[in-house]
Amino acid sequence: MKNVPDLFILSEHAELLKKLQEWDVAYHQNDAPVVDDATYDAAKKRALEIEELYPELAVDGASTHVGAAVSDKFKSHRHSVPMLSISDVFNEGEVADWFNKLSSKDLFIELKVDGVSYSARYENGVLVRGLTRGSGVQGEDITENLKTIPDIPQKLSGTFPDVVEVRGEVYMKRSDFIALNAESEKQFANPRNAAAGSLRQLNPAITATRKLSAFAYTYGEISARDFATQSEYFDKLESWGFKTTRAWAHHARTMDEIQDVYNRTMLIRPDIPFDIDGLVLKVNDITTQERMGSRANSPRWEVAYKFPAARAITTLRNITIQVGRTGVLTPVAELEPINIGGVVVSRATLHNADEIKRIGVKIGDKVIVQRAGDVIPQIVGVAESAPDAVEFQFPTTCPVCGGNVVQESGMVARRCVNTLGCPAQLIGELEHFVGRKRFDIDGLGTKQLENFVARGWIREPADIFTLIQNHGDEIKRMDGFGEKSVANLNTSIENARNIDLHRFLFAIGIPEVGEVTAKILARAFGSLDALRNAPAWKLKTIDGIGDVMADEIVSFFADEHNATALDRLLQHVNVRDADVMVATTDGPLAGKRVVLTGTLANYTRDAAREILERMGAKVSNSVSAKTDIVLAGADAGSKLQKAQELGITIWGEEDFENVITH
C-alpha cells in the first residue's frame, strides 16, 4: 500500500523547502548567510528524511536540489558535467551505514575546506573558462576573477589532457581574513563570506586586491584519464601547478581508522591556517567511483563527515580580565581564531576563578570552545594539555584602576571595590544606560564613551544630556566626528529625554533587575516615586520578586550616592508612568507558561510578550517540561524542536491571534 503523506507532513516539507531555497540564495548568490551551518543542516536533514519516507516529494525536493540559481549580474554557462554537492553525515553511525555498503574499503580522506567551489576549464593547457557551482547545472562566469588567484594556474605545466575541468575551493586564510577586516569598511562575518564576496566581484581588479587562495580536488569533463586513484589525481594536480590538501590527507580502510583521522583532525584544526568544517571521505579507486555513480544531487562514492557546528578545538593564547559595570572581574580567554558555526571566534568567557579551576585550563592548552546561537562563546573543557602550559593567577587588584579586589562570602565573583573611581565600571554603566532596550542613544558606543569619560565630559549618566550643549563644538573637531554626526547624536539624545518607566528602571542598573523584572516593577507600581518609596515587604508580595531582589531594590534607592545621581538625571528626562496592570485570573492564558521563538510577522517580540503577560501568561526564555505553550514564528530553531520532543502545545501566529481576538 502506498505511503501517503498527511497535510501536516506536506506543509512541513513545503515550509522546509521554502526556507532552504531562501537560505541557499542568501548563501550562494548574496554571500551573506542568514542561518548558521547547524540550522541549515538540520532543516535539510529533516527534508531528506521526509523525502525518504515519501519518495514522490523528492521529485523537486531537497534530494534533487544543488546550490542556487545563478545571479543575473553575471554571464552564465552550462557545466559540461554537472557540479554536484556532497551528502553530509554527522556521526559515526551514519558514516558506518555508508561505509559498510562499499565494495571497496580503500578510502582517501581530505579536508572539507570552508570556501567557495569553482570549476576551471583548460583547453590545450590554457585556462579558458571559470565558473561557480551555481545551480550545479549552470554556473556564473568568473574567468577573469580566477585569473587573479595565484594558486590557479593560467597555463598547466607538465603533460595534461587536451580538455580538463579542474574543480576545487577558493578560500581565504584566517590571517588574511583578519587583515582584510582590519583595513576594510565592510566587515565580513567569516573567511567564507569574505572569499565568496571577493570572488564574485563584477570588477576583477577588486578580486585581485583580496588575498584569495585555492585548492583543487576533483574534476569534471576530462578528455583522457591516466590516473587510477584519487591519490594519483592529487599527484597530477600538483604536477599541473595546483595546490592540494595533500599535507592533511589520509588513507583509511576501517571504521576505527576513519574515526581516528576525524579525532586527530579535530585536535589540529586550530593549527590549520584556514577554516574547515569536516572531512571528505572518498572511495580511492576511480573505476569504482564511476561504477557507483551519483544520485540526483550527490555522488554515492563520497560523503562529507561534518564537524559539530557549535563546538571547535583551538589554542588558549592568554587569559585577560574584563571589569564590568558592577565591578565584577571576568576572565576572558584569548584564543587562536577559529570558525564555530559560521562565526570566527577569538575570545570566550571563562566566567570566574572557580570555573578556571574546575575546567583545569592553562594558558597554552588546546581547549574545547562552544557557541550556540547568540550565546557568548565559552570554554567547556581541555582537549589536550600543553607540556609548557602556564597556570593563570587571578589578580588581587583591579587591572583598570588598581583598587582592591574582594570575594564576598558565599559568592564566586570577585569584585573591584572602587565603585566610584573605577573607569571600567563607569564605562560599563554608561554602555548599559544607552543600550537599545534602555535609553537607546545611537552614536555613543564604547570608543566614544571612553573618549568622553577620559576628557572628563561625562562623569555620570546625567552628563549625557548636557554633552552637546557643553562640548558640541569640541566634539565636531574630534576624529570621527563632524557637523552631521554631532547633529545625529544630538537628535538621539533629545529623543531619549522621554522614556517609559520599565526602560528607565532597566537602564539605571539596579542590582538583580533585568528587562523582565523592570516590566514587573513598572506594572506593579505605576510610577517611579511609588517604587522609590516602596518598603521591602511590599516588594516581596509581587510575583517574581524574591527576598534578595527586594532587598537589593530598597538598598539601591536608599543609597545616598544613587539618590543624588537619580535626582540629577531626572532634571533632564521625563519618565512616563506605566499602567498598573492586573493580570487576568480567569482568561485562557492565566497561569500558563509560554515561550516565544522565531519571528512573528505582525508583532515584535516585546509586543507579543506584553500581550501574553496582560492575559495572565508567564513568559519565559527556555523550554522545559513545565512549559505549556510555545509560540513559534518564522525561523524557529532549537526551542521549537525541544517543544516537539516534549509534546508541548505549539502555536503559530494565527493561533495566537485567535486567542487574543476572541
# chains A, B, ... in the order shown; residues from 1 in each chain; ligands from 1

call {"tool": "select_by_dssp", "arguments": {"residues": "segment 134-342 of chain A", "states": "alpha helix (DSSP H)", "output": "PyMOL selection string"}}
result
chain A and resi 143-146+174-183+191-199+204-209+230-240+255-268+286-292

call {"tool": "closest_residue", "arguments": {"among": "A:Asn263, A:Thr132, A:Thr288, A:Asn145", "to": "Asn91 of chain A", "atoms": "only C-alpha atoms"}}
result
A:Asn263

call {"tool": "closest_residue", "arguments": {"among": "A:Glu232, A:Asp275, A:Glu560, A:Glu238", "to": "Val344 of chain A", "atoms": "only C-alpha atoms"}}
result
A:Asp275

call {"tool": "select_by_dssp", "arguments": {"residues": "segment 410-581 of chain A", "states": "strand (DSSP E)", "output": "number ranges by chain"}}
result
A: 415-416, 498-500, 574-576

call {"tool": "write_last_selection", "arguments": {"atoms": "C-alpha atoms", "output": "PDB file, in the first residue's frame"}}
result
ATOM      1  CA  ARG A 415      34.755  42.456  42.583  1.00  0.00           C
ATOM      2  CA  CYS A 416      36.645  45.763  42.429  1.00  0.00           C
ATOM      3  CA  ASN A 498      11.127  60.888  27.287  1.00  0.00           C
ATOM      4  CA  ILE A 499      11.254  57.269  28.393  1.00  0.00           C
ATOM      5  CA  ASP A 500       8.860  54.591  29.622  1.00  0.00           C
ATOM      6  CA  ASN A 574      10.776  62.638  31.771  1.00  0.00           C
ATOM      7  CA  VAL A 575       9.823  59.147  32.966  1.00  0.00           C
ATOM      8  CA  ARG A 576       6.396  58.155  31.666  1.00  0.00           C
TER       9      ARG A 576
END

call {"tool": "residues_around", "arguments": {"residues": "Arg121 of chain A", "least_positions_apart": "3", "cutoff": "9 Å", "atoms": "only C-alpha atoms", "output": "list of chain:residue names"}}
result
A:Val126, A:Leu127, A:Val128, A:Arg129, A:Gly130, A:Leu131, A:Val163, A:Val164, A:Glu165, A:Val166, A:Arg167, A:Gly220, A:Glu221

call {"tool": "write_last_selection", "arguments": {"atoms": "all heavy atoms", "output": "CSV table (one decimal), in the first residue's frame"}}
result
chain,number,residue,atom,x,y,z
A,126,VAL,N,45.5,25.7,-21.4
A,126,VAL,CA,45.2,27.1,-21.2
A,126,VAL,C,43.8,27.3,-20.5
A,126,VAL,O,42.9,26.7,-21.0
A,126,VAL,CB,45.3,27.9,-22.5
A,126,VAL,CG1,45.0,29.4,-22.2
A,126,VAL,CG2,46.6,27.8,-23.1
A,127,LEU,N,43.8,28.1,-19.5
A,127,LEU,CA,42.5,28.4,-18.8
A,127,LEU,C,41.6,29.2,-19.7
A,127,LEU,O,42.0,30.3,-20.1
A,127,LEU,CB,42.8,29.2,-17.5
A,127,LEU,CG,41.6,29.7,-16.7
A,127,LEU,CD1,40.7,28.5,-16.3
A,127,LEU,CD2,42.0,30.5,-15.5
A,128,VAL,N,40.5,28.6,-20.1
A,128,VAL,CA,39.6,29.3,-21.0
A,128,VAL,C,38.3,29.7,-20.3
A,128,VAL,O,37.6,30.6,-20.8
A,128,VAL,CB,39.3,28.4,-22.2
A,128,VAL,CG1,40.5,28.2,-23.0
A,128,VAL,CG2,38.6,27.1,-21.8
A,129,ARG,N,37.9,29.1,-19.2
A,129,ARG,CA,36.7,29.5,-18.6
A,129,ARG,C,36.7,29.1,-17.1
A,129,ARG,O,37.1,28.0,-16.7
A,129,ARG,CB,35.5,28.8,-19.3
A,129,ARG,CG,34.1,29.2,-18.6
A,129,ARG,CD,33.0,28.7,-19.5
A,129,ARG,NE,33.0,29.3,-20.8
A,129,ARG,CZ,32.5,28.7,-21.9
A,129,ARG,NH1,31.9,27.5,-21.8
A,129,ARG,NH2,32.5,29.3,-23.0
A,130,GLY,N,36.1,30.0,-16.2
A,130,GLY,CA,36.0,29.6,-14.8
A,130,GLY,C,34.5,29.9,-14.4
A,130,GLY,O,33.9,30.9,-14.8
A,131,LEU,N,33.9,28.9,-13.7
A,131,LEU,CA,32.5,29.0,-13.3
A,131,LEU,C,32.4,28.8,-11.8
A,131,LEU,O,33.2,28.0,-11.2
A,131,LEU,CB,31.7,28.0,-14.1
A,131,LEU,CG,31.6,28.1,-15.6
A,131,LEU,CD1,30.8,26.9,-16.1
A,131,LEU,CD2,31.0,29.4,-16.0
A,163,VAL,N,41.6,18.4,-22.9
A,163,VAL,CA,40.5,19.1,-22.2
A,163,VAL,C,40.4,18.6,-20.8
A,163,VAL,O,40.3,17.4,-20.6
A,163,VAL,CB,39.1,19.0,-22.9
A,163,VAL,CG1,38.0,19.6,-22.0
A,163,VAL,CG2,39.1,19.6,-24.3
A,164,VAL,N,40.4,19.5,-19.8
A,164,VAL,CA,40.2,19.0,-18.4
A,164,VAL,C,39.5,20.2,-17.6
A,164,VAL,O,39.9,21.3,-17.8
A,164,VAL,CB,41.5,18.6,-17.7
A,164,VAL,CG1,42.5,19.7,-17.6
A,164,VAL,CG2,41.2,18.1,-16.3
A,165,GLU,N,38.5,19.8,-16.8
A,165,GLU,CA,37.9,20.8,-15.9
A,165,GLU,C,38.3,20.5,-14.5
A,165,GLU,O,38.0,19.4,-13.9
A,165,GLU,CB,36.4,20.7,-16.0
A,165,GLU,CG,35.8,21.3,-17.3
A,165,GLU,CD,34.3,21.2,-17.4
A,165,GLU,OE1,33.7,20.5,-16.6
A,165,GLU,OE2,33.7,21.8,-18.3
A,166,VAL,N,39.2,21.3,-14.0
A,166,VAL,CA,39.7,21.1,-12.6
A,166,VAL,C,38.8,21.9,-11.7
A,166,VAL,O,38.4,23.0,-11.9
A,166,VAL,CB,41.1,21.7,-12.5
A,166,VAL,CG1,41.6,21.6,-11.0
A,166,VAL,CG2,42.1,20.9,-13.4
A,167,ARG,N,38.4,21.2,-10.6
A,167,ARG,CA,37.4,21.7,-9.7
A,167,ARG,C,38.0,21.8,-8.2
A,167,ARG,O,38.8,20.9,-7.9
A,167,ARG,CB,36.1,21.0,-9.7
A,167,ARG,CG,35.4,21.1,-11.0
A,167,ARG,CD,34.1,20.3,-11.2
A,167,ARG,NE,33.5,20.6,-12.4
A,167,ARG,CZ,32.3,20.1,-12.8
A,167,ARG,NH1,31.8,19.1,-12.1
A,167,ARG,NH2,31.8,20.4,-14.0
A,220,GLY,N,35.8,17.6,-13.6
A,220,GLY,CA,34.5,17.5,-14.3
A,220,GLY,C,34.8,16.8,-15.6
A,220,GLY,O,35.2,15.6,-15.7
A,221,GLU,N,34.6,17.5,-16.8
A,221,GLU,CA,35.0,16.9,-18.1
A,221,GLU,C,36.5,16.6,-18.2
A,221,GLU,O,37.3,17.5,-17.8
A,221,GLU,CB,34.5,17.8,-19.2
A,221,GLU,CG,34.7,17.2,-20.6
A,221,GLU,CD,34.3,18.1,-21.7
A,221,GLU,OE1,33.6,19.1,-21.4
A,221,GLU,OE2,34.5,17.8,-22.9

call {"tool": "closest_atom_pairs", "arguments": {"of": "segment 291-375 of chain A", "to": "segment 102-117 of chain A", "cutoff": "9 Å", "atoms": "only C-alpha atoms", "output": "CSV"}}
result
residue,atom,partner,partner_atom,distance
A:Trp301,CA,A:Leu102,CA,8.1
A:Ala304,CA,A:Lys112,CA,7.2
A:Tyr305,CA,A:Lys112,CA,8.5
A:Lys306,CA,A:Lys112,CA,8.3

call {"tool": "residues_around", "arguments": {"residues": "Gln154 of chain A", "least_positions_apart": "2", "cutoff": "10 Å", "atoms": "only C-alpha atoms", "output": "PyMOL selection string"}}
result
chain A and resi 120+122+125-128+146-152+156-157+241

call {"tool": "residues_around", "arguments": {"residues": "Thr245 of chain A", "least_positions_apart": "5", "cutoff": "12 Å", "atoms": "only C-alpha atoms", "output": "NGL selection string"}}
result
:A and (108-113 or 168-169 or 214-218 or 231 or 234-235 or 237-238 or 250 or 272-274 or 276 or 279-280)

call {"tool": "write_last_selection", "arguments": {"atoms": "C-alpha atoms", "output": "PDB file, in the first residue's frame"}}
result
ATOM      1  CA  PHE A 108      41.110   8.687   0.557  1.00  0.00           C
ATOM      2  CA  ILE A 109      40.290  11.284   3.236  1.00  0.00           C
ATOM      3  CA  GLU A 110      40.609  15.002   2.503  1.00  0.00           C
ATOM      4  CA  LEU A 111      39.838  18.180   4.421  1.00  0.00           C
ATOM      5  CA  LYS A 112      36.470  19.790   3.727  1.00  0.00           C
ATOM      6  CA  VAL A 113      37.607  23.362   3.139  1.00  0.00           C
ATOM      7  CA  GLY A 168      38.190  22.895  -6.161  1.00  0.00           C
ATOM      8  CA  GLU A 169      37.646  25.515  -3.488  1.00  0.00           C
ATOM      9  CA  ALA A 214      42.647  27.937  -3.764  1.00  0.00           C
ATOM     10  CA  PHE A 215      42.875  24.160  -3.594  1.00  0.00           C
ATOM     11  CA  ALA A 216      41.988  21.679  -6.332  1.00  0.00           C
ATOM     12  CA  TYR A 217      40.498  18.277  -5.510  1.00  0.00           C
ATOM     13  CA  THR A 218      38.322  16.826  -8.284  1.00  0.00           C
ATOM     14  CA  SER A 231      45.563   9.864  -4.591  1.00  0.00           C
ATOM     15  CA  PHE A 234      46.399  14.679  -6.473  1.00  0.00           C
ATOM     16  CA  ASP A 235      49.837  13.889  -7.931  1.00  0.00           C
ATOM     17  CA  LEU A 237      47.096  18.250  -9.939  1.00  0.00           C
ATOM     18  CA  GLU A 238      50.363  19.141  -8.249  1.00  0.00           C
ATOM     19  CA  HIS A 250      44.950  10.178   4.858  1.00  0.00           C
ATOM     20  CA  ILE A 272      45.380  24.626  10.098  1.00  0.00           C
ATOM     21  CA  PRO A 273      45.633  28.186   8.690  1.00  0.00           C
ATOM     22  CA  PHE A 274      42.226  28.118   7.006  1.00  0.00           C
ATOM     23  CA  ILE A 276      37.445  23.573   7.592  1.00  0.00           C
ATOM     24  CA  LEU A 279      36.352  15.695   6.250  1.00  0.00           C
ATOM     25  CA  VAL A 280      35.543  14.347   2.801  1.00  0.00           C
TER      26      VAL A 280
END

call {"tool": "atom_distance", "arguments": {"atom1": "atom CA of Leu426 of chain A", "atom2": "atom CA of Trp457 of chain A"}}
result
12.6 Å

call {"tool": "atom_distance", "arguments": {"atom1": "atom CA of Arg210 of chain A", "atom2": "atom CA of Ala195 of chain A"}}
result
8.4 Å

call {"tool": "closest_residue", "arguments": {"among": "A:Asp547, A:Asp256, A:Glu290, A:Glu515", "to": "Thr229 of chain A", "atoms": "only C-alpha atoms"}}
result
A:Glu290

call {"tool": "atom_distance", "arguments": {"atom1": "atom CA of Ala42 of chain A", "atom2": "atom CA of Thr649 of chain A"}}
result
21.6 Å

call {"tool": "residues_around", "arguments": {"residues": "Lys626 of chain A", "least_positions_apart": "6", "cutoff": "12 Å", "atoms": "only C-alpha atoms", "output": "number ranges by chain"}}
result
A: 591-595, 618-620, 643, 646-649

call {"tool": "write_last_selection", "arguments": {"atoms": "N, CA, C and O atoms", "output": "short mmCIF file (atom, residue, chain, number, x, y, z; two decimals), in the first residue's frame"}}
result
data_model
loop_
_atom_site.label_atom_id
_atom_site.label_comp_id
_atom_site.auth_asym_id
_atom_site.auth_seq_id
_atom_site.Cartn_x
_atom_site.Cartn_y
_atom_site.Cartn_z
N GLY A 591 -1.95 31.86 34.26
CA GLY A 591 -1.10 30.85 34.87
C GLY A 591 -0.32 29.99 33.88
O GLY A 591 0.47 29.13 34.27
N LYS A 592 -0.53 30.22 32.57
CA LYS A 592 0.16 29.41 31.56
C LYS A 592 1.61 29.90 31.39
O LYS A 592 1.88 31.10 31.40
N ARG A 593 2.51 28.94 31.22
CA ARG A 593 3.91 29.28 30.94
C ARG A 593 4.12 29.22 29.42
O ARG A 593 3.92 28.18 28.81
N VAL A 594 4.53 30.35 28.85
CA VAL A 594 4.65 30.47 27.39
C VAL A 594 6.09 30.84 27.02
O VAL A 594 6.71 31.67 27.70
N VAL A 595 6.59 30.24 25.95
CA VAL A 595 7.92 30.56 25.43
C VAL A 595 7.76 31.07 23.99
O VAL A 595 7.04 30.47 23.20
N LYS A 618 2.79 33.64 31.95
CA LYS A 618 4.15 33.87 32.42
C LYS A 618 5.08 33.50 31.26
O LYS A 618 5.17 32.35 30.87
N VAL A 619 5.75 34.51 30.73
CA VAL A 619 6.60 34.31 29.55
C VAL A 619 8.03 34.04 30.01
O VAL A 619 8.61 34.83 30.75
N SER A 620 8.57 32.91 29.59
CA SER A 620 9.94 32.55 29.96
C SER A 620 10.79 32.38 28.70
O SER A 620 10.27 32.36 27.58
N ALA A 643 10.33 21.58 22.03
CA ALA A 643 8.89 21.53 22.33
C ALA A 643 8.24 20.33 21.65
O ALA A 643 7.38 19.66 22.24
N LEU A 646 9.08 17.21 23.52
CA LEU A 646 8.39 17.10 24.81
C LEU A 646 6.88 17.02 24.67
O LEU A 646 6.17 16.84 25.66
N GLY A 647 6.37 17.16 23.46
CA GLY A 647 4.93 17.09 23.25
C GLY A 647 4.18 18.31 23.74
O GLY A 647 2.99 18.23 24.09
N ILE A 648 4.84 19.45 23.77
CA ILE A 648 4.23 20.70 24.25
C ILE A 648 3.37 21.32 23.15
O ILE A 648 3.69 21.22 21.96
N THR A 649 2.28 21.97 23.54
CA THR A 649 1.41 22.63 22.58
C THR A 649 2.18 23.72 21.83
O THR A 649 2.85 24.54 22.45
#
